[in-house]
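Peer 1: So here's start.cif (mmCIF, C-alpha atoms).
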data_data
loop_
_atom_site.group_PDB
_atom_site.id
_atom_site.type_symbol
_atom_site.label_atom_id
_atom_site.label_comp_id
_atom_site.auth_asym_id
_atom_site.auth_seq_id
_atom_site.Cartn_x
_atom_site.Cartn_y
_atom_site.Cartn_z
ATOM 1 C CA GLU A 1 -13.481 -8.729 2.457
ATOM 2 C CA ILE A 2 -9.688 -8.369 2.204
ATOM 3 C CA LEU A 3 -9.257 -8.395 5.969
ATOM 4 C CA ASP A 4 -11.497 -11.449 6.260
ATOM 5 C CA ALA A 5 -9.420 -13.323 3.676
ATOM 6 C CA LEU A 6 -6.173 -12.366 5.396
ATOM 7 C CA ARG A 7 -7.518 -13.381 8.819
ATOM 8 C CA LYS A 8 -8.786 -16.714 7.474
ATOM 9 C CA HIS A 9 -5.311 -17.477 6.156
ATOM 10 C CA ASN A 10 -3.458 -16.040 9.174
ATOM 11 C CA THR A 11 -1.681 -13.684 6.787
ATOM 12 C CA HIS A 12 -0.259 -10.251 7.556
ATOM 13 C CA ILE A 13 0.688 -7.719 4.914
ATOM 14 C CA THR A 14 1.597 -4.067 4.484
ATOM 15 C CA PHE A 15 -1.052 -1.546 3.498
ATOM 16 C CA PHE A 16 0.243 1.633 1.851
ATOM 17 C CA ILE A 17 -2.388 4.151 2.848
ATOM 18 C CA THR A 18 -3.159 7.608 1.468
ATOM 19 C CA GLY A 19 -4.124 10.232 4.001
ATOM 20 C CA LYS A 20 -7.312 10.964 2.118
ATOM 21 C CA TRP A 21 -8.359 7.283 2.319
ATOM 22 C CA ALA A 22 -7.496 7.245 6.039
ATOM 23 C CA GLU A 23 -9.675 10.317 6.619
ATOM 24 C CA GLU A 24 -12.580 8.799 4.707
ATOM 25 C CA ASN A 25 -12.212 5.306 6.218
ATOM 26 C CA PRO A 26 -10.996 5.652 9.826
ATOM 27 C CA ASP A 27 -12.839 2.519 10.991
ATOM 28 C CA GLU A 28 -11.271 0.434 8.215
ATOM 29 C CA LEU A 29 -7.840 1.899 9.023
ATOM 30 C CA ARG A 30 -8.231 0.963 12.683
ATOM 31 C CA ALA A 31 -9.385 -2.528 11.671
ATOM 32 C CA ILE A 32 -6.247 -2.952 9.529
ATOM 33 C CA VAL A 33 -4.016 -2.003 12.453
ATOM 34 C CA ALA A 34 -6.033 -4.022 15.002
ATOM 35 C CA ALA A 35 -5.629 -7.098 12.792
ATOM 36 C CA GLY A 36 -1.843 -6.752 13.046
ATOM 37 C CA HIS A 37 -1.083 -5.440 9.573
ATOM 38 C CA GLU A 38 1.670 -2.955 8.849
ATOM 39 C CA VAL A 39 0.731 0.532 7.622
ATOM 40 C CA ALA A 40 2.992 2.666 5.443
ATOM 41 C CA ASN A 41 2.720 6.067 3.736
ATOM 42 C CA HIS A 42 1.374 6.537 0.217
ATOM 43 C CA SER A 43 0.996 10.363 0.361
ATOM 44 C CA TYR A 44 -2.130 12.332 1.202
ATOM 45 C CA SER A 45 -3.707 12.938 -2.206
ATOM 46 C CA HIS A 46 -1.681 10.670 -4.548
ATOM 47 C CA PRO A 47 0.150 13.279 -6.668
ATOM 48 C CA SER A 48 3.216 12.659 -8.814
ATOM 49 C CA PHE A 49 6.006 13.671 -6.420
ATOM 50 C CA PRO A 50 8.518 14.923 -9.047
ATOM 51 C CA LYS A 51 5.931 17.565 -10.013
ATOM 52 C CA LEU A 52 5.730 18.926 -6.443
ATOM 53 C CA THR A 53 7.881 21.423 -4.597
ATOM 54 C CA ASP A 54 9.984 20.187 -1.697
ATOM 55 C CA ASP A 55 7.479 21.670 0.764
ATOM 56 C CA GLN A 56 4.521 20.073 -1.010
ATOM 57 C CA MET A 57 6.150 16.641 -0.863
ATOM 58 C CA ILE A 58 6.793 16.939 2.853
ATOM 59 C CA THR A 59 3.260 18.211 3.473
ATOM 60 C CA GLU A 60 1.809 15.197 1.622
ATOM 61 C CA LEU A 61 3.776 12.800 3.836
ATOM 62 C CA GLN A 62 3.361 14.655 7.130
ATOM 63 C CA LYS A 63 -0.379 15.133 6.685
ATOM 64 C CA THR A 64 -0.809 11.398 6.102
ATOM 65 C CA GLU A 65 1.438 10.519 9.043
ATOM 66 C CA THR A 66 -0.563 12.816 11.330
ATOM 67 C CA ILE A 67 -3.930 11.388 10.261
ATOM 68 C CA ILE A 68 -2.795 7.773 10.642
ATOM 69 C CA GLN A 69 -1.216 8.408 14.034
ATOM 70 C CA ARG A 70 -4.359 10.203 15.212
ATOM 71 C CA GLU A 71 -6.790 7.594 13.919
ATOM 72 C CA ALA A 72 -4.827 4.375 14.461
ATOM 73 C CA GLY A 73 -1.988 5.214 16.846
ATOM 74 C CA VAL A 74 0.802 3.967 14.560
ATOM 75 C CA SER A 75 3.520 5.570 12.474
ATOM 76 C CA THR A 76 3.930 5.008 8.750
ATOM 77 C CA LYS A 77 7.711 5.392 8.958
ATOM 78 C CA PRO A 78 10.123 4.273 7.597
ATOM 79 C CA TYR A 79 8.281 2.897 4.513
ATOM 80 C CA TRP A 80 6.559 4.764 1.716
ATOM 81 C CA ARG A 81 5.418 4.052 -1.818
ATOM 82 C CA PRO A 82 5.545 6.881 -4.341
ATOM 83 C CA PRO A 83 2.269 7.443 -6.172
ATOM 84 C CA TYR A 84 2.540 6.008 -9.697
ATOM 85 C CA GLY A 85 6.067 4.901 -8.785
ATOM 86 C CA ASP A 86 7.190 8.427 -9.736
ATOM 87 C CA GLU A 87 10.383 9.532 -8.046
ATOM 88 C CA ASP A 88 13.767 11.038 -8.773
ATOM 89 C CA ALA A 89 16.893 12.033 -6.804
ATOM 90 C CA SER A 90 15.231 15.167 -5.389
ATOM 91 C CA VAL A 91 12.203 13.175 -4.221
ATOM 92 C CA ARG A 92 14.426 10.540 -2.601
ATOM 93 C CA ASP A 93 16.403 13.258 -0.784
ATOM 94 C CA ASP A 94 13.325 15.078 0.500
ATOM 95 C CA VAL A 95 11.441 11.949 1.498
ATOM 96 C CA GLY A 96 14.517 10.467 3.157
ATOM 97 C CA GLY A 97 15.001 13.700 5.092
ATOM 98 C CA ALA A 98 11.433 13.342 6.370
ATOM 99 C CA GLY A 99 12.248 9.953 7.908
ATOM 100 C CA TYR A 100 11.170 7.616 5.119
ATOM 101 C CA ARG A 101 14.280 5.538 4.524
ATOM 102 C CA TYR A 102 12.704 2.873 2.332
ATOM 103 C CA GLU A 103 10.891 3.487 -0.930
ATOM 104 C CA VAL A 104 8.913 0.354 -1.673
ATOM 105 C CA ARG A 105 8.057 -0.687 -5.203
ATOM 106 C CA TRP A 106 6.242 -3.702 -6.520
ATOM 107 C CA THR A 107 7.081 -6.774 -8.562
ATOM 108 C CA VAL A 108 3.609 -7.288 -9.989
ATOM 109 C CA ASP A 109 0.699 -4.855 -10.323
ATOM 110 C CA SER A 110 -2.724 -6.488 -10.457
ATOM 111 C CA LEU A 111 -4.120 -3.554 -12.452
ATOM 112 C CA GLY A 112 -7.252 -3.712 -10.321
ATOM 113 C CA TRP A 113 -7.027 0.067 -9.978
ATOM 114 C CA LYS A 114 -7.357 0.249 -13.775
ATOM 115 C CA GLY A 115 -10.618 -1.681 -13.855
ATOM 116 C CA ALA A 116 -9.189 -5.136 -14.578
ATOM 117 C CA SER A 117 -11.539 -8.064 -14.099
ATOM 118 C CA VAL A 118 -11.190 -10.541 -11.228
ATOM 119 C CA ALA A 119 -9.892 -13.145 -13.694
ATOM 120 C CA THR A 120 -7.263 -10.742 -15.071
ATOM 121 C CA ILE A 121 -6.219 -9.625 -11.588
ATOM 122 C CA THR A 122 -5.833 -13.219 -10.471
ATOM 123 C CA GLN A 123 -3.912 -14.324 -13.562
ATOM 124 C CA ARG A 124 -1.565 -11.281 -13.600
ATOM 125 C CA THR A 125 -0.799 -11.751 -9.925
ATOM 126 C CA LEU A 126 -0.200 -15.478 -10.152
ATOM 127 C CA ASP A 127 1.950 -15.074 -13.290
ATOM 128 C CA GLY A 128 4.122 -12.392 -11.693
ATOM 129 C CA ALA A 129 4.400 -13.533 -8.094
ATOM 130 C CA GLY A 130 7.324 -15.590 -6.899
ATOM 131 C CA ASN A 131 9.691 -15.856 -3.962
ATOM 132 C CA GLY A 132 10.330 -12.349 -2.590
ATOM 133 C CA ALA A 133 7.781 -10.685 -4.866
ATOM 134 C CA ILE A 134 5.850 -7.633 -3.768
ATOM 135 C CA VAL A 135 2.295 -7.687 -5.096
ATOM 136 C CA LEU A 136 0.440 -4.412 -5.598
ATOM 137 C CA LEU A 137 -3.290 -4.670 -4.909
ATOM 138 C CA HIS A 138 -5.727 -1.878 -4.074
ATOM 139 C CA VAL A 139 -8.422 -1.626 -1.423
ATOM 140 C CA GLY A 140 -10.426 1.100 -3.148
ATOM 141 C CA ARG A 141 -14.032 0.618 -4.098
ATOM 142 C CA ASP A 142 -13.153 0.991 -7.791
ATOM 143 C CA SER A 143 -10.904 -2.075 -7.719
ATOM 144 C CA ALA A 144 -11.920 -5.726 -8.006
ATOM 145 C CA ASP A 145 -8.758 -6.798 -6.137
ATOM 146 C CA HIS A 146 -10.825 -7.627 -3.052
ATOM 147 C CA ALA A 147 -12.722 -10.292 -4.971
ATOM 148 C CA ALA A 148 -9.488 -11.979 -6.106
ATOM 149 C CA VAL A 149 -7.627 -12.039 -2.792
ATOM 150 C CA ARG A 150 -8.841 -15.424 -1.503
ATOM 151 C CA THR A 151 -8.018 -17.180 -4.774
ATOM 152 C CA ILE A 152 -4.614 -15.500 -4.972
ATOM 153 C CA ILE A 153 -3.700 -16.464 -1.413
ATOM 154 C CA ASP A 154 -4.838 -20.069 -1.908
ATOM 155 C CA ALA A 155 -2.948 -20.443 -5.191
ATOM 156 C CA LEU A 156 0.284 -18.905 -3.908
ATOM 157 C CA ARG A 157 0.186 -21.023 -0.756
ATOM 158 C CA ALA A 158 -0.331 -24.113 -2.933
ATOM 159 C CA ARG A 159 2.951 -23.162 -4.637
ATOM 160 C CA GLY A 160 4.642 -23.139 -1.238
ATOM 161 C CA LEU A 161 4.854 -19.365 -0.992
ATOM 162 C CA GLY A 162 4.154 -17.435 2.174
ATOM 163 C CA PHE A 163 3.242 -13.857 2.924
ATOM 164 C CA ALA A 164 4.955 -11.155 4.943
ATOM 165 C CA THR A 165 4.915 -7.486 5.736
ATOM 166 C CA VAL A 166 7.492 -5.280 4.061
ATOM 167 C CA ALA A 167 9.395 -5.055 7.363
ATOM 168 C CA ALA A 168 9.596 -8.844 7.606
ATOM 169 C CA LEU A 169 10.520 -9.190 3.937
ATOM 170 C CA LEU A 170 13.342 -6.683 4.206
#
Before anything else, please render the file you have as structure tokens.

Peer 2:
Amino acid sequence: EILDALRKHNTHITFFITGKWAEENPDELRAIVAAGHEVANHSYSHPSFPKLTDDQMITELQKTETIIQREAGVSTKPYWRPPYGDEDASVRDDVGGAGYRYEVRWTVDSLGWKGASVATITQRTLDGAGNGAIVLLHVGRDSADHAAVRTIIDALRARGLGFATVAALL
């Protein structure tokens, strides 16, 4: 549903993918890449990175990179998003040393991952989005973000806003 909405609106975005999701959804991952969207790293199992050892952090990133390269033929570097937004100086050093130069955060979180309704997701996103904003939506089955995407795109375009991948935005 999300890919259909993006295709209809000729819109390309960045998907921050966990390795576990990529393993469980290889066809969807390949469809994301085939549609011209950017893919970045969101860890393998979504742990809080400051609670991990240096080796565990690197394993989380490398495992995801390997799965995505194997399944979709693309690299997730140089962008990553820390699970929960949790990071510190040690995390930044380790992740940077692994080739992820850009930690990407968000301007507005739809809260779809938290069970928010379509109306709440839409309103939160529209209230928080503006020029240069990064909107955090989720593709998981537990999120209603997919049902709000078409309305969000239409409303933001009506405001004169466009859409871009993280690489294009930066």

Peer 1: May I ask for the distance between CA of Tyr102 in chain A and CA of Lys77 in chain A, given in Å to one decimal place?

Peer 2: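 Atom-to-atom, CA of Tyr102 in chain A to CA of Lys77 in chain A, that is 8.7 Å.
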
Peer 1: Looking at A:Phe163, A:Tyr100, A:Phe15, A:Phe49, which one is nearest to Pro83 in chain A, with distances taken over all atoms listed in the file?

Peer 2: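 Once distances to Pro83 in chain A are computed over all atoms listed in the file, the minimum belongs to A:Phe49.
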
Peer 1: Using only C-alpha atoms for the distances, tell me which of A:Glu65, A:Glu1, A:Glu24, A:Asp54 is nearest to Arg92 in chain A.

Peer 2: A:Asp54

Peer 1: Please provide the set of residues having any atom within 7 Å of Ala148 in chain A, restricted to all atoms listed in the file, with same-chain residues fewer than 3 positions apart removed, written as a PyMOL selection string.

Peer 2: chain A and resi 118+121-122+144-145+151-152

Peer 1: Could you tell me how far CA of Thr125 in chain A lies from CA of Thr107 in chain A, in Å and to one decimal?

Peer 2: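 Going from CA of Thr125 in chain A over to CA of Thr107 in chain A, I get 9.4 Å.
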
Peer 1: Rank A:Met57, A:Gly132, A:Ala35, A:Glu28 by their smallest atom-to-atom distance to His12 in chain A, using only C-alpha atoms, and report the top residue only.

Peer 2: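 Residue with the minimum atom-to-atom distance to His12 in chain A: A:Ala35.
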
Peer 1: Excluding Asn25 in chain A and residues on its chain fewer than 5 positions from it, collect all residues at most 12 Å away from it, counting only C-alpha atoms, and give them as a PDB file with C-alpha atoms, in the coordinates of the input.

Peer 2:
ATOM      1  CA  ILE A  17      -2.388   4.151   2.848  1.00  0.00           C
ATOM      2  CA  THR A  18      -3.159   7.608   1.468  1.00  0.00           C
ATOM      3  CA  GLY A  19      -4.124  10.232   4.001  1.00  0.00           C
ATOM      4  CA  LYS A  20      -7.312  10.964   2.118  1.00  0.00           C
ATOM      5  CA  ARG A  30      -8.231   0.963  12.683  1.00  0.00           C
ATOM      6  CA  ALA A  31      -9.385  -2.528  11.671  1.00  0.00           C
ATOM      7  CA  ILE A  32      -6.247  -2.952   9.529  1.00  0.00           C
ATOM      8  CA  ILE A  67      -3.930  11.388  10.261  1.00  0.00           C
ATOM      9  CA  ILE A  68      -2.795   7.773  10.642  1.00  0.00           C
ATOM     10  CA  GLU A  71      -6.790   7.594  13.919  1.00  0.00           C
ATOM     11  CA  ALA A  72      -4.827   4.375  14.461  1.00  0.00           C
ATOM     12  CA  VAL A 139      -8.422  -1.626  -1.423  1.00  0.00           C
ATOM     13  CA  GLY A 140     -10.426   1.100  -3.148  1.00  0.00           C
ATOM     14  CA  ARG A 141     -14.032   0.618  -4.098  1.00  0.00           C
TER      15      ARG A 141
END

Peer 1: Pick out the closest residue to Asp86 in chain A from this set: A:His9, A:Lys51, A:Arg70, A:His138. Count all atoms listed in the file.

Peer 2: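 Going through A:His9, A:Lys51, A:Arg70, A:His138 one by one, the smallest distance to Asp86 in chain A is for A:Lys51.
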
Peer 1: Counting only C-alpha atoms, which residues have an atom no more than 10 Å from (7.2, 13.0, -11.7) in the file's coordinates? Please list them as number ranges by chain.

Peer 2: A: 47-52, 82-88, 91

Peer 1: Could you jot down the CA of Val166 in chain A to CA of Asp4 in chain A separation for me, Å, one decimal place?

Peer 2: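 About the pair CA of Val166 in chain A and CA of Asp4 in chain A: they are 20.1 Å apart.
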
Peer 1: Which residue is closest to Gln69 in chain A? Choose from A:Pro26, A:Gly96, A:Gly160, A:Gly112 and count only C-alpha atoms.

Peer 2: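 So, comparing all the options, the nearest one is A:Pro26.
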
Peer 1: Taking into account all atoms listed in the file, which residue in the set A:Ile2, A:Val95, A:Leu29, A:Leu136 is nearest to Gly73 in chain A?

Peer 2: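 Distance minimum relative to Gly73 in chain A lands on A:Leu29.
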
Peer 1: Extract, using only C-alpha atoms, all DNA, RNA and protein residues at most 9 Å from Ala129 in chain A, discarding same-chain residues fewer than 5 positions from it, and format them as a list in words.

Peer 2: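 Non-adjacent residues within range: Thr107, Val108, Arg124, Ile134, Val135 and Leu156 of chain A.
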
Peer 1: Report the residues retrieved by the PyMOL selection byres ((chain A and resi 170) around 12) from the displayed file, expressed as a list in words.

Peer 2: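 Evaluating the PyMOL selection byres ((chain A and resi 170) around 12) on these coordinates yields Pro78, Tyr79, Tyr102, Glu103, Val104, Gly132, Ala133, Ile134, Ala164, Thr165, Val166, Ala167, Ala168 and Leu169 of chain A.
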